[in-house]
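Notes for the one structure printed next.
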Amino acid sequence: MQPPVRRVTHIELPIYLDFFGGLLATMVGHDIPEITDAIQAQSSKMLHSSTLYLIRTQVELAEKIAARSPVDNPRVFFVNSGSEAVETAFLLTTAARRSNQVIALRGGYHGRSFGTVAATGIRGWSATSLSPLQVTYAHNGYRYRSPFGHLDDNAFTAACADELRTMIETATSGDFACFIAEPIQGAGGFATPPGGFFAAMNAVLAEYEIPLVSDEVQSGWGRTGRSYLGIEHYGVRPQAITFAKGLANGLSIGGVIAEESLMNSLTANSISTAGGNPISMAAGNAVIDFIDSHDLQHNADDIGRHLIRGLKLIAERNPLIGDVRGSGLMIGVELVEHGTKNPAVAETNTVLAEARSRGLLIGRGGIHGNVLRVTPPMTVTRAEADEALQILGSSIEIAGALTA
Ligand code: PLP
């Protein structure tokens, strides 16, 4: 019997404009020769070491990121992911301060491990009663949904800081391991606190000598425009910074930058088998070099402003948009039901599906799942931004019309 004829069908694969940046991990874009070459060159030399032995690429990357971080006497420890990075920050601050009490922000997301879910302030992802940490949640500076009524930015910020002080003084013993916050909340829907927020919060923390940990897993390395770390926009110097995602343009990487006195408490936990992997280190070095040599922070700032302007214009003709916010290429568009601030969740689903069917990938976030996250790689061009704006405009119009 003749074998059956195999018909090869050519399937047209869709091509997408990636405005979610691979969940903010594809920092400088797909298929960048400088990054690929660095990975290939390293892979022919050495695939693995560990944090047990220092290797050149680790030291080079640690020096590069320490030099670019607003941390005094910085020391760097490499791990494999954002969850592990935050977990490491908890290890070293709880050990240094002999306390398991942590202050986190409502709406924050810090990872999928036992300690990091405890600090996460989004229902569905957050703590169980078995949490190893005692977590108290402070207000996150989410201006659009202020619980303090109609205040200007200064008064709003002062109200958040007052609430923090009252919370420390009344509901806790005051001896905290750390305060952890994302400068712009990622999964929380790119909630972007006003400019004075972290200075005001940090002034309260300083009174109690509570270390500030800036979780820069999403906001790190230039994505917020103009500076390397998101917290620099707020003019404060944290005692520790956690990073991951974009630093190796999508390869597994994570780590903590901490003041020497904090990092010294880590000695008993200072080995990570795959942390500081040579391939990830090579990619990390190439990413930082690429950002510097192509002035991508400037591009993130420039295109980010262009996108925010375009989205605000779309908002003027479409009441589905309640708020447009962000910094650099971390832009949130919050969708609400007409004339209210009720989360427009079904409409958000429609916008995501319509945009995707037109070839545009964007993300979703927010405590109610009603925020579009627009966050392309830092190499995005103005022409690509215009194409995305055009697709977003029509997708939002369709979603608005369906439910008007
Ligand atoms: N911290 C923040 C701010 C994050 O956004 C994430 C992941 O999205 C994490 C920590 C956890 O990182 P990972 O998924 O690499 O464990």
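The chains in the structure tokens are called A, B, ... from first to last as shown; in each chain the residues are counted from 1, and the ligands are counted from 1 in the order shown.
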Which residues, written as a PyMOL selection string, have at least one atom at most 12 Å from range 122-125 of chain A, with only C-alpha atoms counted and residues fewer than 5 positions away on the same chain left out?
-> chain A and resi 104-117+137+140+185-189+365-369
Can you spit out the residues from that selection as a CSV table (one decimal), in the first residue's frame, using C-alpha atoms?
chain,number,residue,atom,x,y,z
A,104,ALA,CA,4.9,46.9,51.6
A,105,LEU,CA,2.6,49.0,49.4
A,106,ARG,CA,-1.0,48.1,48.6
A,107,GLY,CA,-1.2,47.0,45.0
A,108,GLY,CA,2.5,46.0,44.9
A,109,TYR,CA,3.7,42.8,43.3
A,110,HIS,CA,7.0,41.1,44.3
A,111,GLY,CA,7.0,37.6,43.0
A,112,ARG,CA,5.8,34.0,43.3
A,113,SER,CA,7.9,32.6,46.2
A,114,PHE,CA,6.8,32.2,49.8
A,115,GLY,CA,8.2,35.5,51.1
A,116,THR,CA,7.4,37.6,48.0
A,117,VAL,CA,3.7,36.6,47.8
A,137,TYR,CA,0.6,47.6,53.9
A,140,ASN,CA,0.9,53.3,47.4
A,185,GLN,CA,3.8,49.5,40.4
A,186,GLY,CA,4.0,47.0,37.5
A,187,ALA,CA,1.3,44.4,38.0
A,188,GLY,CA,-0.6,47.0,40.0
A,189,GLY,CA,-1.3,48.9,36.8
A,365,GLY,CA,-2.6,45.1,34.9
A,366,GLY,CA,-4.2,46.9,37.8
A,367,ILE,CA,-5.8,45.7,41.0
A,368,HIS,CA,-9.1,45.3,39.1
A,369,GLY,CA,-7.5,44.1,35.8
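The protein and nucleic acid residues lying at most 12 Å from Ile314 in chain A are A:Leu307, A:Ile308, A:Arg309, A:Gly310, A:Leu311, A:Lys312, A:Glu316, A:Arg317, A:Asn318, A:Pro319, A:Leu320, A:Ile321, A:Gly322, A:Asp323, A:Val324, A:Val333, A:Leu389, A:Gln390, A:Ile391, A:Leu392, A:Gly393, A:Ser394, A:Ser395, A:Ile396, A:Glu397, A:Gly400, with only C-alpha atoms considered and sequence neighbours fewer than 2 positions away removed.
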Writer output for current selection, N, CA and C atoms, as an mmCIF file, in the first residue's frame:
data_model
loop_
_atom_site.group_PDB
_atom_site.id
_atom_site.type_symbol
_atom_site.label_atom_id
_atom_site.label_comp_id
_atom_site.auth_asym_id
_atom_site.auth_seq_id
_atom_site.Cartn_x
_atom_site.Cartn_y
_atom_site.Cartn_z
ATOM 1 N N LEU A 307 4.075 58.814 23.282
ATOM 2 C CA LEU A 307 2.959 57.878 23.482
ATOM 3 C C LEU A 307 1.943 58.449 24.469
ATOM 4 N N ILE A 308 2.442 59.047 25.548
ATOM 5 C CA ILE A 308 1.511 59.601 26.553
ATOM 6 C C ILE A 308 0.686 60.732 25.932
ATOM 7 N N ARG A 309 1.356 61.601 25.139
ATOM 8 C CA ARG A 309 0.612 62.686 24.466
ATOM 9 C C ARG A 309 -0.471 62.093 23.569
ATOM 10 N N GLY A 310 -0.095 61.082 22.766
ATOM 11 C CA GLY A 310 -1.045 60.454 21.828
ATOM 12 C C GLY A 310 -2.197 59.792 22.569
ATOM 13 N N LEU A 311 -1.883 59.131 23.684
ATOM 14 C CA LEU A 311 -2.944 58.448 24.444
ATOM 15 C C LEU A 311 -3.881 59.463 25.100
ATOM 16 N N LYS A 312 -3.311 60.590 25.524
ATOM 17 C CA LYS A 312 -4.184 61.624 26.126
ATOM 18 C C LYS A 312 -5.107 62.209 25.063
ATOM 19 N N GLU A 316 -9.248 62.174 25.067
ATOM 20 C CA GLU A 316 -10.148 63.341 24.922
ATOM 21 C C GLU A 316 -11.410 62.986 24.161
ATOM 22 N N ARG A 317 -11.296 62.019 23.220
ATOM 23 C CA ARG A 317 -12.496 61.693 22.433
ATOM 24 C C ARG A 317 -13.106 60.361 22.871
ATOM 25 N N ASN A 318 -12.554 59.753 23.937
ATOM 26 C CA ASN A 318 -13.121 58.474 24.358
ATOM 27 C C ASN A 318 -13.203 58.358 25.881
ATOM 28 N N PRO A 319 -14.410 58.474 26.454
ATOM 29 C CA PRO A 319 -14.567 58.474 27.915
ATOM 30 C C PRO A 319 -14.258 57.137 28.576
ATOM 31 N N LEU A 320 -13.988 56.104 27.753
ATOM 32 C CA LEU A 320 -13.586 54.817 28.333
ATOM 33 C C LEU A 320 -12.254 54.960 29.082
ATOM 34 N N ILE A 321 -11.442 55.935 28.656
ATOM 35 C CA ILE A 321 -10.143 56.135 29.312
ATOM 36 C C ILE A 321 -10.323 57.069 30.507
ATOM 37 N N GLY A 322 -10.033 56.538 31.698
ATOM 38 C CA GLY A 322 -10.146 57.352 32.904
ATOM 39 C C GLY A 322 -8.844 58.034 33.261
ATOM 40 N N ASP A 323 -7.713 57.379 32.945
ATOM 41 C CA ASP A 323 -6.425 57.934 33.358
ATOM 42 C C ASP A 323 -5.322 57.411 32.442
ATOM 43 N N VAL A 324 -4.399 58.317 32.086
ATOM 44 C CA VAL A 324 -3.183 57.933 31.352
ATOM 45 C C VAL A 324 -2.021 58.369 32.227
ATOM 46 N N VAL A 333 -2.893 52.804 30.982
ATOM 47 C CA VAL A 333 -4.129 53.445 30.509
ATOM 48 C C VAL A 333 -5.273 52.768 31.244
ATOM 49 N N LEU A 389 -0.270 53.612 18.355
ATOM 50 C CA LEU A 389 -1.308 54.574 18.758
ATOM 51 C C LEU A 389 -2.541 54.453 17.872
ATOM 52 N N GLN A 390 -2.271 54.266 16.589
ATOM 53 C CA GLN A 390 -3.386 54.159 15.647
ATOM 54 C C GLN A 390 -4.221 52.901 15.958
ATOM 55 N N ILE A 391 -3.530 51.775 16.209
ATOM 56 C CA ILE A 391 -4.248 50.521 16.525
ATOM 57 C C ILE A 391 -4.973 50.662 17.867
ATOM 58 N N LEU A 392 -4.298 51.260 18.838
ATOM 59 C CA LEU A 392 -4.933 51.421 20.150
ATOM 60 C C LEU A 392 -6.168 52.309 20.050
ATOM 61 N N GLY A 393 -6.035 53.396 19.266
ATOM 62 C CA GLY A 393 -7.162 54.320 19.095
ATOM 63 C C GLY A 393 -8.376 53.578 18.566
ATOM 64 N N SER A 394 -8.193 52.770 17.490
ATOM 65 C CA SER A 394 -9.382 52.097 16.935
ATOM 66 C C SER A 394 -9.875 50.989 17.859
ATOM 67 N N SER A 395 -8.954 50.311 18.568
ATOM 68 C CA SER A 395 -9.397 49.233 19.470
ATOM 69 C C SER A 395 -10.205 49.813 20.633
ATOM 70 N N ILE A 396 -9.759 50.949 21.142
ATOM 71 C CA ILE A 396 -10.473 51.582 22.267
ATOM 72 C C ILE A 396 -11.830 52.108 21.796
ATOM 73 N N GLU A 397 -11.858 52.627 20.581
ATOM 74 C CA GLU A 397 -13.134 53.108 20.027
ATOM 75 C C GLU A 397 -14.137 51.961 19.897
ATOM 76 N N GLY A 400 -15.323 50.953 23.343
ATOM 77 C CA GLY A 400 -16.214 51.979 23.887
ATOM 78 C C GLY A 400 -17.588 51.884 23.248
#
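Distances to ligand 1 were evaluated for A:Ser227, A:Thr403, A:Thr120, A:Ser357 using only C-alpha atoms and all ligand atoms, and the minimum falls at A:Thr120.
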Could you tell me, as a VMD selection string, which residues of range 144-261 of chain A DSSP assigns to alpha helix (DSSP H) when given the backbone?
-> chain A and resid 153 to 171 197 to 207 260 to 261
Restricting it to N, CA and C atoms, dump the selection as a CSV table (one decimal), in the first residue's frame.
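Ended up saving to selection_27.csv:
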chain,number,residue,atom,x,y,z
A,153,ASP,N,-1.1,67.4,44.7
A,153,ASP,CA,0.0,66.4,44.8
A,153,ASP,C,0.7,66.5,46.2
A,154,ASN,N,1.0,67.7,46.6
A,154,ASN,CA,1.7,67.9,47.8
A,154,ASN,C,0.9,67.4,49.0
A,155,ALA,N,-0.3,67.8,49.1
A,155,ALA,CA,-1.2,67.5,50.2
A,155,ALA,C,-1.5,65.9,50.2
A,156,PHE,N,-1.6,65.4,49.0
A,156,PHE,CA,-1.8,63.9,48.8
A,156,PHE,C,-0.6,63.2,49.4
A,157,THR,N,0.6,63.6,49.0
A,157,THR,CA,1.8,63.0,49.4
A,157,THR,C,2.0,63.1,50.9
A,158,ALA,N,1.7,64.2,51.5
A,158,ALA,CA,1.8,64.4,52.9
A,158,ALA,C,0.8,63.5,53.6
A,159,ALA,N,-0.4,63.3,53.0
A,159,ALA,CA,-1.4,62.4,53.7
A,159,ALA,C,-0.9,61.0,53.7
A,160,CYS,N,-0.3,60.6,52.6
A,160,CYS,CA,0.3,59.2,52.5
A,160,CYS,C,1.4,59.0,53.6
A,161,ALA,N,2.3,60.0,53.7
A,161,ALA,CA,3.4,59.9,54.7
A,161,ALA,C,2.8,59.9,56.1
A,162,ASP,N,1.8,60.7,56.3
A,162,ASP,CA,1.2,60.8,57.7
A,162,ASP,C,0.6,59.4,58.0
A,163,GLU,N,-0.1,58.8,57.0
A,163,GLU,CA,-0.7,57.5,57.2
A,163,GLU,C,0.4,56.5,57.6
A,164,LEU,N,1.5,56.6,56.9
A,164,LEU,CA,2.6,55.7,57.2
A,164,LEU,C,3.1,55.8,58.6
A,165,ARG,N,3.3,57.1,59.0
A,165,ARG,CA,3.8,57.3,60.4
A,165,ARG,C,2.7,56.8,61.4
A,166,THR,N,1.5,57.1,61.2
A,166,THR,CA,0.4,56.6,62.1
A,166,THR,C,0.4,55.1,62.2
A,167,MET,N,0.5,54.5,61.0
A,167,MET,CA,0.5,53.0,61.0
A,167,MET,C,1.7,52.4,61.8
A,168,ILE,N,2.9,53.0,61.6
A,168,ILE,CA,4.0,52.5,62.3
A,168,ILE,C,3.8,52.7,63.8
A,169,GLU,N,3.3,53.9,64.2
A,169,GLU,CA,3.3,54.2,65.6
A,169,GLU,C,2.1,53.5,66.3
A,170,THR,N,1.1,53.1,65.6
A,170,THR,CA,-0.1,52.5,66.3
A,170,THR,C,-0.2,51.0,66.1
A,171,ALA,N,0.1,50.5,64.9
A,171,ALA,CA,-0.3,49.1,64.6
A,171,ALA,C,0.9,48.2,64.7
A,197,PHE,N,6.6,61.8,46.4
A,197,PHE,CA,6.1,60.7,47.2
A,197,PHE,C,7.2,60.0,48.0
A,198,PHE,N,8.2,59.5,47.3
A,198,PHE,CA,9.2,58.6,48.0
A,198,PHE,C,10.0,59.4,49.0
A,199,ALA,N,10.3,60.7,48.7
A,199,ALA,CA,11.0,61.5,49.6
A,199,ALA,C,10.2,61.7,50.9
A,200,ALA,N,8.9,61.9,50.8
A,200,ALA,CA,8.1,62.1,52.0
A,200,ALA,C,8.0,60.8,52.8
A,201,MET,N,7.9,59.6,52.1
A,201,MET,CA,7.8,58.3,52.8
A,201,MET,C,9.1,58.0,53.4
A,202,ASN,N,10.2,58.3,52.6
A,202,ASN,CA,11.5,58.0,53.1
A,202,ASN,C,11.9,58.8,54.4
A,203,ALA,N,11.4,60.0,54.5
A,203,ALA,CA,11.7,60.8,55.6
A,203,ALA,C,11.1,60.2,56.9
A,204,VAL,N,9.9,59.5,56.7
A,204,VAL,CA,9.3,58.8,57.9
A,204,VAL,C,10.2,57.6,58.2
A,205,LEU,N,10.5,56.9,57.1
A,205,LEU,CA,11.3,55.6,57.3
A,205,LEU,C,12.6,56.0,58.1
A,206,ALA,N,13.3,57.1,57.7
A,206,ALA,CA,14.6,57.5,58.3
A,206,ALA,C,14.4,57.7,59.8
A,207,GLU,N,13.2,58.2,60.2
A,207,GLU,CA,13.0,58.5,61.7
A,207,GLU,C,13.1,57.1,62.4
A,260,GLU,N,26.9,47.9,51.8
A,260,GLU,CA,27.8,46.9,52.2
A,260,GLU,C,27.3,46.3,53.6
A,261,SER,N,26.9,47.2,54.5
A,261,SER,CA,26.5,46.8,55.9
A,261,SER,C,25.4,45.8,55.8
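Checking A:Thr192, A:Gln297, A:Ser81, A:Ser214 one by one against ligand 1, counting only C-alpha atoms and all ligand atoms, you find the shortest gap at A:Ser81.
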Find the spatial neighbours of Ile241 in chain A, counting only C-alpha atoms, within a cut-off of 6 Å - ignore same-chain residues fewer than 3 positions away - and output them as an MDAnalysis selection string.
-> chainID A and resid 213:215 256:257
Just the residues within 9 Å of Gly220 in chain A, please, counting only C-alpha atoms, with nothing from its chain fewer than 6 positions along; format it as an MDAnalysis selection string.
-> chainID A and resid 227:231 242:247
Would you list the contacts of Gly250 in chain A as a PyMOL selection string, taking every protein, DNA or RNA residue within 8 Å and counting only C-alpha atoms, but skipping same-chain residues closer than 5 positions in sequence?
-> chain A and resi 22+25-27+245
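Between Gly21 in chain A and the candidates A:Gln218, A:Asn100, A:Ser280, A:Ser265, the tightest atom-to-atom separation, counting only C-alpha atoms, involves A:Gln218.
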